[in-house]
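Below is the file coords.csv, which contains CSV, C-alpha atoms.
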chain,number,residue,atom,x,y,z
A,1,MET,CA,47.5,83.4,-6.6
A,2,GLU,CA,47.8,84.6,-3.0
A,3,PRO,CA,49.7,87.8,-2.4
A,4,ASN,CA,52.9,87.9,-0.3
A,5,GLN,CA,53.7,84.3,-1.0
A,6,PRO,CA,57.3,83.8,-2.3
A,7,ASN,CA,57.2,82.5,-5.9
A,8,SER,CA,60.6,82.3,-7.5
A,9,THR,CA,59.0,81.1,-10.8
A,10,LEU,CA,56.6,84.0,-11.4
A,11,THR,CA,57.1,85.4,-14.8
A,12,MET,CA,55.9,88.5,-16.7
A,13,LYS,CA,53.7,86.1,-18.7
A,14,ASP,CA,52.0,85.0,-15.5
A,15,ILE,CA,51.4,88.7,-14.5
A,16,ALA,CA,50.1,89.5,-17.9
A,17,ARG,CA,47.6,86.5,-17.8
A,18,GLN,CA,46.4,87.4,-14.3
A,19,LEU,CA,45.8,91.1,-15.2
A,20,GLY,CA,44.5,90.5,-18.7
A,21,VAL,CA,47.3,92.6,-20.4
A,22,SER,CA,50.1,91.8,-22.9
A,23,VAL,CA,53.6,90.7,-21.8
A,24,ALA,CA,54.9,93.9,-23.5
A,25,THR,CA,52.7,96.0,-21.4
A,26,VAL,CA,53.9,94.3,-18.2
A,27,SER,CA,57.5,94.7,-19.3
A,28,ARG,CA,57.1,98.4,-20.0
A,29,ALA,CA,55.2,99.0,-16.8
A,30,LEU,CA,57.9,97.3,-14.7
A,31,LYS,CA,60.4,99.6,-16.3
A,32,ASP,CA,58.2,102.6,-15.4
A,33,SER,CA,57.7,103.5,-19.1
A,34,PRO,CA,55.6,106.7,-19.6
A,35,SER,CA,54.0,104.9,-22.6
A,36,ILE,CA,51.8,103.1,-20.1
A,37,SER,CA,49.2,105.1,-18.1
A,38,LYS,CA,50.2,105.7,-14.5
A,39,GLU,CA,47.1,103.9,-13.3
A,40,ARG,CA,48.1,100.7,-15.3
A,41,ARG,CA,51.8,101.1,-14.2
A,42,ASP,CA,50.8,101.3,-10.6
A,43,GLN,CA,48.4,98.3,-10.9
A,44,ILE,CA,51.1,96.1,-12.5
A,45,GLN,CA,53.9,97.2,-10.2
A,46,GLN,CA,51.7,96.6,-7.1
A,47,PHE,CA,50.8,93.1,-8.3
A,48,ALA,CA,54.5,92.3,-8.9
A,49,ARG,CA,55.4,93.5,-5.4
A,50,GLU,CA,52.6,91.6,-3.7
A,51,HIS,CA,53.7,88.4,-5.4
A,52,ASN,CA,57.4,88.9,-4.9
A,53,TYR,CA,58.2,89.0,-8.6
A,54,MET,CA,61.9,88.9,-9.3
A,55,PRO,CA,63.2,89.8,-12.8
A,56,ASN,CA,65.3,87.2,-14.6
A,57,ILE,CA,68.5,89.1,-14.8
A,58,VAL,CA,70.2,86.5,-16.9
A,59,ALA,CA,67.5,86.5,-19.5
A,60,GLU,CA,67.5,90.3,-19.5
A,61,GLN,CA,71.2,90.4,-20.2
A,62,LEU,CA,70.8,87.9,-23.0
A,63,ARG,CA,68.1,90.0,-24.6
A,64,ASN,CA,70.4,93.0,-24.5
A,65,SER,CA,73.5,91.3,-25.7
A,66,ARG,CA,73.4,92.1,-29.4
A,67,ASN,CA,75.9,94.9,-29.3
A,68,ALA,CA,78.0,93.9,-26.3
A,69,PRO,CA,79.3,90.6,-24.8
A,70,VAL,CA,77.1,89.0,-22.2
A,71,LYS,CA,78.7,89.7,-18.8
A,72,ILE,CA,77.8,86.3,-17.3
A,73,ILE,CA,80.5,83.8,-16.3
A,74,GLY,CA,79.7,80.1,-15.8
A,75,VAL,CA,81.5,78.5,-12.9
A,76,VAL,CA,81.6,74.7,-12.4
A,77,LEU,CA,82.8,73.4,-9.0
A,78,PRO,CA,83.3,69.7,-8.0
A,79,GLU,CA,81.4,70.4,-4.9
A,80,PHE,CA,80.0,73.3,-2.9
A,81,ILE,CA,80.6,72.3,0.7
A,82,HIS,CA,84.4,71.9,0.4
A,83,TYR,CA,86.2,74.8,2.1
A,84,TYR,CA,88.7,75.3,-0.7
A,85,PHE,CA,86.2,75.4,-3.5
A,86,SER,CA,83.9,77.7,-1.7
A,87,SER,CA,86.8,80.1,-1.0
A,88,VAL,CA,87.7,80.0,-4.7
A,89,LEU,CA,84.1,80.9,-5.6
A,90,THR,CA,84.3,83.8,-3.2
A,91,GLY,CA,87.4,85.1,-5.0
A,92,ILE,CA,85.7,84.7,-8.4
A,93,GLU,CA,82.6,86.5,-7.3
A,94,LEU,CA,84.5,89.4,-5.7
A,95,GLU,CA,86.6,90.0,-8.8
A,96,ALA,CA,83.8,89.5,-11.3
A,97,SER,CA,81.3,91.7,-9.5
A,98,SER,CA,83.9,94.5,-9.2
A,99,ARG,CA,84.2,94.5,-13.0
A,100,GLY,CA,80.5,94.3,-13.8
A,101,TYR,CA,80.1,90.5,-14.4
A,102,ARG,CA,77.6,88.1,-12.8
A,103,LEU,CA,78.0,84.4,-12.2
A,104,LEU,CA,76.0,81.2,-13.0
A,105,VAL,CA,77.3,78.5,-10.6
A,106,ALA,CA,76.8,74.8,-10.7
A,107,SER,CA,78.4,71.7,-9.1
A,108,SER,CA,79.3,68.5,-10.8
A,109,TYR,CA,79.2,66.6,-7.5
A,110,GLU,CA,82.3,64.8,-8.9
A,111,GLN,CA,80.2,63.3,-11.7
A,112,ALA,CA,81.7,63.5,-15.1
A,113,GLU,CA,78.4,63.2,-17.0
A,114,ARG,CA,76.9,66.0,-15.0
A,115,GLU,CA,79.9,68.1,-15.6
A,116,ALA,CA,79.5,67.6,-19.4
A,117,THR,CA,75.8,68.5,-19.2
A,118,ILE,CA,76.5,71.7,-17.2
A,119,CYS,CA,79.1,72.8,-19.7
A,120,GLU,CA,76.7,72.2,-22.6
A,121,GLU,CA,73.9,74.1,-20.8
A,122,PHE,CA,76.2,77.1,-20.0
A,123,TYR,CA,77.3,77.1,-23.7
A,124,ARG,CA,73.7,77.1,-24.9
A,125,ASN,CA,72.8,79.9,-22.5
A,126,LYS,CA,75.6,82.0,-24.1
A,127,VAL,CA,77.8,82.6,-21.0
A,128,CYS,CA,80.9,84.7,-22.0
A,129,GLY,CA,83.2,82.0,-20.6
A,130,ILE,CA,83.6,79.2,-18.1
A,131,ILE,CA,85.8,78.8,-15.0
A,132,ILE,CA,86.0,75.2,-13.9
A,133,SER,CA,87.7,72.7,-11.7
A,134,GLN,CA,87.1,69.3,-13.3
A,135,SER,CA,85.6,66.3,-11.6
A,136,LYS,CA,88.1,63.8,-10.3
A,137,ASN,CA,86.2,61.1,-12.2
A,138,THR,CA,86.5,62.9,-15.6
A,139,THR,CA,88.5,60.8,-18.1
A,140,ASN,CA,86.6,61.8,-21.3
A,141,TYR,CA,87.4,65.3,-22.3
A,142,ASP,CA,85.2,65.7,-25.4
A,143,HIS,CA,83.0,68.4,-23.7
A,144,PHE,CA,86.1,70.5,-23.0
A,145,LYS,CA,87.5,70.0,-26.5
A,146,ARG,CA,84.2,71.1,-28.1
A,147,LEU,CA,84.2,74.3,-26.0
A,148,TYR,CA,87.8,74.9,-26.8
A,149,SER,CA,87.3,74.4,-30.5
A,150,ASP,CA,84.4,76.8,-30.5
A,151,GLN,CA,86.7,79.4,-28.9
A,152,LEU,CA,84.6,79.8,-25.7
A,153,PRO,CA,87.1,81.1,-23.1
A,154,LEU,CA,87.9,78.4,-20.5
A,155,VAL,CA,89.9,78.9,-17.4
A,156,PHE,CA,90.7,75.8,-15.2
A,157,PHE,CA,91.8,76.0,-11.6
A,158,ASP,CA,93.1,73.3,-9.2
A,159,ARG,CA,92.2,70.4,-11.5
A,160,ILE,CA,93.4,71.0,-15.0
A,161,CYS,CA,92.2,69.2,-18.2
A,162,PRO,CA,95.3,67.5,-19.7
A,163,ALA,CA,93.7,67.2,-23.1
A,164,ILE,CA,93.9,70.9,-24.1
A,165,ASN,CA,96.4,73.7,-23.6
A,166,ALA,CA,94.1,75.4,-21.2
A,167,HIS,CA,94.3,78.7,-19.4
A,168,ARG,CA,94.9,77.8,-15.7
A,169,VAL,CA,95.4,78.9,-12.1
A,170,VAL,CA,97.0,76.4,-9.8
A,171,VAL,CA,98.6,76.5,-6.4
A,172,ASP,CA,102.2,75.3,-6.0
A,173,ASP,CA,101.2,71.7,-5.3
A,174,TYR,CA,104.7,70.2,-5.8
A,175,GLN,CA,106.6,72.7,-3.6
A,176,GLY,CA,103.8,72.8,-1.0
A,177,THR,CA,103.9,69.0,-0.6
A,178,ARG,CA,107.7,68.8,-0.7
A,179,LYS,CA,108.0,71.4,2.1
A,180,ALA,CA,105.4,69.6,4.2
A,181,VAL,CA,107.1,66.2,3.9
A,182,THR,CA,110.5,67.8,4.6
A,183,HIS,CA,109.1,69.4,7.7
A,184,LEU,CA,107.9,65.9,8.9
A,185,ILE,CA,111.4,64.5,8.2
A,186,GLU,CA,113.0,67.3,10.1
A,187,CYS,CA,110.7,66.5,13.0
A,188,GLY,CA,112.3,63.1,13.1
A,189,CYS,CA,109.8,61.1,11.0
A,190,LYS,CA,111.2,58.3,8.8
A,191,ARG,CA,108.1,56.3,7.7
A,192,ILE,CA,105.7,58.9,6.3
A,193,ALA,CA,102.4,57.6,4.8
A,194,TYR,CA,101.0,59.5,1.9
A,195,TYR,CA,97.3,59.9,1.2
A,196,GLY,CA,96.8,61.4,-2.2
A,197,THR,CA,94.4,61.9,-5.1
A,198,SER,CA,94.2,60.3,-8.5
A,199,THR,CA,97.3,60.6,-10.7
A,200,ASN,CA,95.0,61.0,-13.6
A,201,MET,CA,95.0,64.6,-12.6
A,202,GLU,CA,98.0,67.0,-12.7
A,203,ILE,CA,97.4,67.9,-9.0
A,204,GLY,CA,97.7,64.3,-8.0
A,205,VAL,CA,101.0,63.8,-10.0
A,206,ASN,CA,102.5,67.0,-8.6
A,207,ARG,CA,101.8,66.3,-5.0
A,208,LEU,CA,103.0,62.7,-5.3
A,209,ASN,CA,106.2,63.9,-6.9
A,210,GLY,CA,106.7,66.4,-4.1
A,211,TYR,CA,106.4,63.6,-1.6
A,212,LYS,CA,108.8,61.3,-3.4
A,213,ASP,CA,111.4,64.1,-3.9
A,214,ALA,CA,111.4,65.1,-0.3
A,215,LEU,CA,112.1,61.4,0.7
A,216,TYR,CA,114.9,61.0,-1.9
A,217,GLN,CA,116.5,64.3,-0.9
A,218,HIS,CA,116.7,63.1,2.7
A,219,GLY,CA,117.9,59.5,1.9
A,220,LEU,CA,114.6,57.8,2.7
A,221,GLN,CA,113.2,55.0,0.7
A,222,TYR,CA,109.9,55.2,-1.2
A,223,ASP,CA,107.6,52.4,0.1
A,224,GLU,CA,104.5,51.6,-1.9
A,225,GLN,CA,102.9,50.2,1.3
A,226,LEU,CA,102.7,53.7,2.7
A,227,VAL,CA,101.1,55.2,-0.4
A,228,CYS,CA,97.3,55.1,-1.1
A,229,MET,CA,94.7,57.1,-3.0
A,230,CYS,CA,92.5,58.5,-0.3
A,231,ASP,CA,91.1,62.0,-0.4
A,232,ASN,CA,88.2,62.1,2.0
A,233,ARG,CA,87.5,61.6,5.6
A,234,SER,CA,85.4,58.4,5.4
A,235,ASP,CA,88.0,56.6,3.3
A,236,ALA,CA,90.7,57.8,5.7
A,237,GLU,CA,88.9,56.4,8.7
A,238,MET,CA,88.5,53.0,6.9
A,239,ILE,CA,92.1,52.8,5.6
A,240,THR,CA,94.1,54.2,8.6
A,241,PRO,CA,93.6,51.3,11.0
A,242,ARG,CA,95.1,48.9,8.5
A,243,MET,CA,98.0,51.3,7.9
A,244,LEU,CA,98.7,51.4,11.6
A,245,GLU,CA,98.7,47.6,11.8
A,246,LEU,CA,101.6,47.2,9.4
A,247,PRO,CA,104.6,45.5,11.0
A,248,GLN,CA,106.5,48.7,10.5
A,249,ARG,CA,103.8,51.3,11.0
A,250,PRO,CA,104.1,54.9,9.8
A,251,ASP,CA,105.3,57.5,12.3
A,252,ALA,CA,103.7,60.3,10.2
A,253,PHE,CA,100.9,61.0,7.7
A,254,PHE,CA,100.7,63.5,4.9
A,255,ALA,CA,97.2,64.0,3.5
A,256,VAL,CA,96.2,65.7,0.3
A,257,ASN,CA,93.6,67.8,2.1
A,258,ASP,CA,92.6,68.7,5.7
A,259,GLU,CA,89.4,66.7,5.6
A,260,THR,CA,91.4,63.5,5.1
A,261,ALA,CA,94.0,64.6,7.7
A,262,VAL,CA,91.3,65.1,10.3
A,263,GLY,CA,90.0,61.6,9.5
A,264,ILE,CA,93.5,60.2,10.1
A,265,LEU,CA,93.7,62.2,13.4
A,266,HIS,CA,90.4,60.8,14.6
A,267,VAL,CA,91.5,57.2,14.0
A,268,VAL,CA,95.0,57.7,15.5
A,269,LYS,CA,93.5,59.1,18.7
A,270,ASN,CA,90.9,56.4,19.0
A,271,MET,CA,93.6,53.8,18.8
A,272,GLY,CA,95.3,55.3,21.8
A,273,LEU,CA,98.3,56.8,20.0
A,274,ARG,CA,99.5,60.2,21.0
A,275,VAL,CA,99.7,63.1,18.6
A,276,PRO,CA,102.4,64.4,17.9
A,277,ASP,CA,104.5,62.3,20.3
A,278,GLU,CA,103.9,59.0,18.5
A,279,ILE,CA,102.3,60.0,15.2
A,280,GLN,CA,102.6,63.3,13.4
A,281,ILE,CA,100.1,64.5,10.8
A,282,CYS,CA,100.1,67.2,8.1
A,283,GLY,CA,97.2,68.3,5.8
A,284,PHE,CA,96.9,70.5,2.8
A,285,THR,CA,94.3,73.3,2.5
A,286,GLY,CA,94.4,75.5,5.5
A,287,SER,CA,90.7,75.1,6.2
A,288,ASN,CA,88.7,75.9,9.3
A,289,GLU,CA,88.9,72.1,10.1
A,290,ALA,CA,92.6,72.6,10.7
A,291,LEU,CA,91.8,75.1,13.5
A,292,ALA,CA,88.9,73.1,14.9
A,293,SER,CA,90.7,69.8,15.4
A,294,ASP,CA,92.4,68.8,18.7
A,295,PRO,CA,95.3,69.2,18.5
A,296,GLN,CA,95.1,71.8,15.8
A,297,LEU,CA,96.3,70.5,12.4
A,298,THR,CA,99.6,71.4,10.7
A,299,SER,CA,98.6,72.2,7.2
A,300,VAL,CA,99.8,73.7,3.9
A,301,GLU,CA,97.7,76.7,3.3
A,302,GLN,CA,96.5,77.5,-0.2
A,303,ASP,CA,94.8,80.9,-0.8
A,304,GLY,CA,91.6,79.9,-2.5
A,305,ILE,CA,90.3,83.5,-2.7
A,306,GLN,CA,93.5,84.5,-4.6
A,307,VAL,CA,93.0,81.6,-6.9
A,308,GLY,CA,89.5,82.8,-7.6
A,309,HIS,CA,90.7,86.4,-8.2
A,310,GLU,CA,93.3,85.2,-10.7
A,311,ALA,CA,90.9,82.9,-12.5
A,312,ALA,CA,88.2,85.6,-12.9
A,313,ASP,CA,90.9,88.1,-14.0
A,314,ILE,CA,92.1,85.8,-16.8
A,315,LEU,CA,88.6,85.0,-18.0
A,316,ILE,CA,87.5,88.6,-18.1
A,317,LYS,CA,90.7,89.7,-19.9
A,318,LEU,CA,90.1,87.0,-22.5
A,319,VAL,CA,86.5,88.1,-23.0
A,320,GLU,CA,87.5,91.8,-23.3
A,321,GLY,CA,90.4,91.0,-25.7
A,322,GLN,CA,93.2,91.9,-23.3
A,323,LEU,CA,94.8,88.5,-23.5
A,324,PRO,CA,95.4,86.4,-26.6
A,325,ARG,CA,93.1,83.3,-26.7
A,326,ASP,CA,95.7,81.2,-28.6
A,327,HIS,CA,98.3,81.5,-25.8
A,328,ALA,CA,97.5,79.7,-22.6
A,329,GLU,CA,97.8,82.0,-19.5
A,330,LYS,CA,99.2,80.0,-16.6
A,331,ARG,CA,99.4,81.5,-13.1
A,332,LEU,CA,100.8,80.0,-10.0
A,333,VAL,CA,99.7,80.9,-6.4
A,334,LYS,CA,102.2,80.2,-3.7
A,335,THR,CA,101.4,78.1,-0.7
A,336,HIS,CA,102.9,78.2,2.8
A,337,LEU,CA,103.2,75.7,5.6
A,338,VAL,CA,101.5,76.6,9.0
A,339,VAL,CA,102.9,74.5,11.8
A,340,ARG,CA,100.4,73.7,14.6
A,341,GLY,CA,99.9,71.0,17.2
A,342,THR,CA,99.9,67.8,15.1
A,343,THR,CA,103.7,68.1,14.4
A,344,ARG,CA,106.6,68.8,16.7

Could you show the structure in this file as structure tokens?
Amino acid sequence: MEPNQPNSTLTMKDIARQLGVSVATVSRALKDSPSISKERRDQIQQFAREHNYMPNIVAEQLRNSRNAPVKIIGVVLPEFIHYYFSSVLTGIELEASSRGYRLLVASSYEQAEREATICEEFYRNKVCGIIISQSKNTTNYDHFKRLYSDQLPLVFFDRICPAINAHRVVVDDYQGTRKAVTHLIECGCKRIAYYGTSTNMEIGVNRLNGYKDALYQHGLQYDEQLVCMCDNRSDAEMITPRMLELPQRPDAFFAVNDETAVGILHVVKNMGLRVPDEIQICGFTGSNEALASDPQLTSVEQDGIQVGHEAADILIKLVEGQLPRDHAEKRLVKTHLVVRGTTR
């Protein structure tokens, strides 16, 4: 084994084998125990440094967890690269680390089976609880039910499991959407297309209801032709040309997230329509994409970092017995509309 070569899989067993000593001797030497001679300690420590040995902090906490709860929180995200989910993760990490907890983080990549596998692995590795936003493709909730029945603390954010009375942190999806669509109406729009996410999830139901109620409250008819399930840029770029070719085309679009809204904006501009003079567009997230678009995107901002803070706070209080596990804690984070260049 060559020195100074990064090796993230190097273990104490590897060091022991290379130096012809026991694993216990390596462990004590790395902890600078006086029960090992200084010469041997120096030899082992130098070898570890030269080969970039990194201790397995998770394993160490598990070994020392007999008398205290393991301070490791499992976090499952639908995806890493989405602005909102990464900002929630930031909030979770800031809150957890300030209270002495570490994270194990994984992504389901919107795959229900992978999500179930991750939850099972976290459970086997004895995390103290799990914070999760479920995959949009999850329709079988057995893995959540098992964790819930085994009394492992679970906190959902954004996408909530409907099968259990779960602890949760959500943004005000209904009011955020209602205010956004009301803004479009007050800007003179009468045919507002809605690009949403699956109504199998609470978030999808709440945002669609916010859209419908804004129309009804202003005397506008709900038109199914203007409503589609579309929550990503590629689908938006495929669907929007057909939407704009309707005999009575929309004069505005509300999109369930900024990524989708930017896809709509790209198509609208490529078709030679002026934004916001002919078409107005509003997104939902408040991401960097909203600021980078031309014109800048009007969007409902949701504070992902605050959502993460609240989710970690609930989970830690559950672990430490400060909240009852048999009463679901439900927290709502407010949204606010930021008007920019894609609306009047």

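You can rank A:Leu291, A:Val205, A:Val75, A:Leu19 by their closest distance to Pro153 of chain A using all atoms listed in the file, and at the top of that list sits A:Val75.
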
In Å, rounded to a single decimal, give me how far atom CA of Val338 of chain A is from atom CA of Ile132 of chain A.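 Distance between the two atoms: 27.7 Å.
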
Need to verify the contact set: Leu103 of chain A, 6 Å, only C-alpha atoms, exclusion of same-chain residues closer than 2 positions in sequence. Can you return it as a PDB file with C-alpha atoms, keeping the file's coordinate frame?
ATOM      1  CA  ILE A  72      77.800  86.300 -17.300  1.00  0.00           C
ATOM      2  CA  ILE A  73      80.500  83.800 -16.300  1.00  0.00           C
ATOM      3  CA  GLY A  74      79.700  80.100 -15.800  1.00  0.00           C
TER       4      GLY A  74
END

Selected residue, from A:Asp172, A:Glu79, A:Asp326, A:Asp158, that lies nearest to Glu110 of chain A when counting only C-alpha atoms: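 Of all the options, A:Glu79 lies closest to Glu110 of chain A.
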
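Put simply, atom CA of Tyr141 of chain A is 18.3 Å away from atom CA of Arg124 of chain A.
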
Selected residue, from A:Gly129, A:Pro78, A:Asp150, A:Ser22, that lies nearest to Glu115 of chain A when counting all atoms listed in the file: A:Pro78

Between atom CA of Gln45 of chain A and atom CA of Arg17 of chain A, measure the distance and give it in Å to one decimal.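 Atom-to-atom, atom CA of Gln45 of chain A and atom CA of Arg17 of chain A are spaced 14.6 Å apart.
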
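With only C-alpha atoms as the atoms that count, the residue of A:Asp173, A:Asp223, A:Glu237, A:Asp258 with the shortest distance to Tyr83 of chain A is A:Asp258.
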
Pick out the closest residue to His266 of chain A from this set: A:Asp213, A:Glu202, A:Glu50, A:Asp294. Count all atoms listed in the file.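 Nearest candidate to His266 of chain A out of A:Asp213, A:Glu202, A:Glu50, A:Asp294: A:Asp294.
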
From the set A:Lys145, A:Pro55, A:Gln18, A:Thr182, which residue has the shortest atom-to-atom contact distance to Gln43 of chain A, counting only C-alpha atoms?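 The shortest atom-to-atom distance to Gln43 of chain A comes from A:Gln18.
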
Need the shell around Pro247 of chain A: protein/DNA/RNA residues with any atom at most 12 Å away, counting only C-alpha atoms. Skip same-chain ones fewer than 2 positions apart. Format as a ChimeraX atom specification? /A:191,225-226,242-245,249-250

For Gln151 of chain A: contacts at 12 Å, all atoms listed in the file, fewer than 3 positions along chain excluded, given as a PDB file with C-alpha atoms, keeping the file's coordinate frame:
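Result file follows (selection_26.pdb):
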ATOM      1  CA  TYR A 123      77.300  77.100 -23.700  1.00  0.00           C
ATOM      2  CA  CYS A 128      80.900  84.700 -22.000  1.00  0.00           C
ATOM      3  CA  GLY A 129      83.200  82.000 -20.600  1.00  0.00           C
ATOM      4  CA  ILE A 130      83.600  79.200 -18.100  1.00  0.00           C
ATOM      5  CA  PHE A 144      86.100  70.500 -23.000  1.00  0.00           C
ATOM      6  CA  LYS A 145      87.500  70.000 -26.500  1.00  0.00           C
ATOM      7  CA  ARG A 146      84.200  71.100 -28.100  1.00  0.00           C
ATOM      8  CA  LEU A 147      84.200  74.300 -26.000  1.00  0.00           C
ATOM      9  CA  TYR A 148      87.800  74.900 -26.800  1.00  0.00           C
ATOM     10  CA  LEU A 154      87.900  78.400 -20.500  1.00  0.00           C
ATOM     11  CA  VAL A 155      89.900  78.900 -17.400  1.00  0.00           C
ATOM     12  CA  ALA A 166      94.100  75.400 -21.200  1.00  0.00           C
ATOM     13  CA  LEU A 318      90.100  87.000 -22.500  1.00  0.00           C
ATOM     14  CA  VAL A 319      86.500  88.100 -23.000  1.00  0.00           C
ATOM     15  CA  PRO A 324      95.400  86.400 -26.600  1.00  0.00           C
ATOM     16  CA  ARG A 325      93.100  83.300 -26.700  1.00  0.00           C
ATOM     17  CA  ASP A 326      95.700  81.200 -28.600  1.00  0.00           C
TER      18      ASP A 326
END

Compute the distance from (87.0, 55.9, 6.5) to each atom, counting all atoms listed in the file, keep the residues with any atom at most 6 Å away, and return them as a CSV table (one decimal) with C-alpha atoms, keeping the file's coordinate frame; use the coordinates of the file.
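Writing done, so here's point.csv:
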chain,number,residue,atom,x,y,z
A,233,ARG,CA,87.5,61.6,5.6
A,234,SER,CA,85.4,58.4,5.4
A,235,ASP,CA,88.0,56.6,3.3
A,236,ALA,CA,90.7,57.8,5.7
A,237,GLU,CA,88.9,56.4,8.7
A,238,MET,CA,88.5,53.0,6.9

Find the residues with any atom within 9 Å of (98.2, 60.9, -3.0); use only C-alpha atoms and the coordinates as given in the file, and write the answer as a PyMOL selection string. chain A and resi 194-199+204-205+207-208+211+227-231+254-256
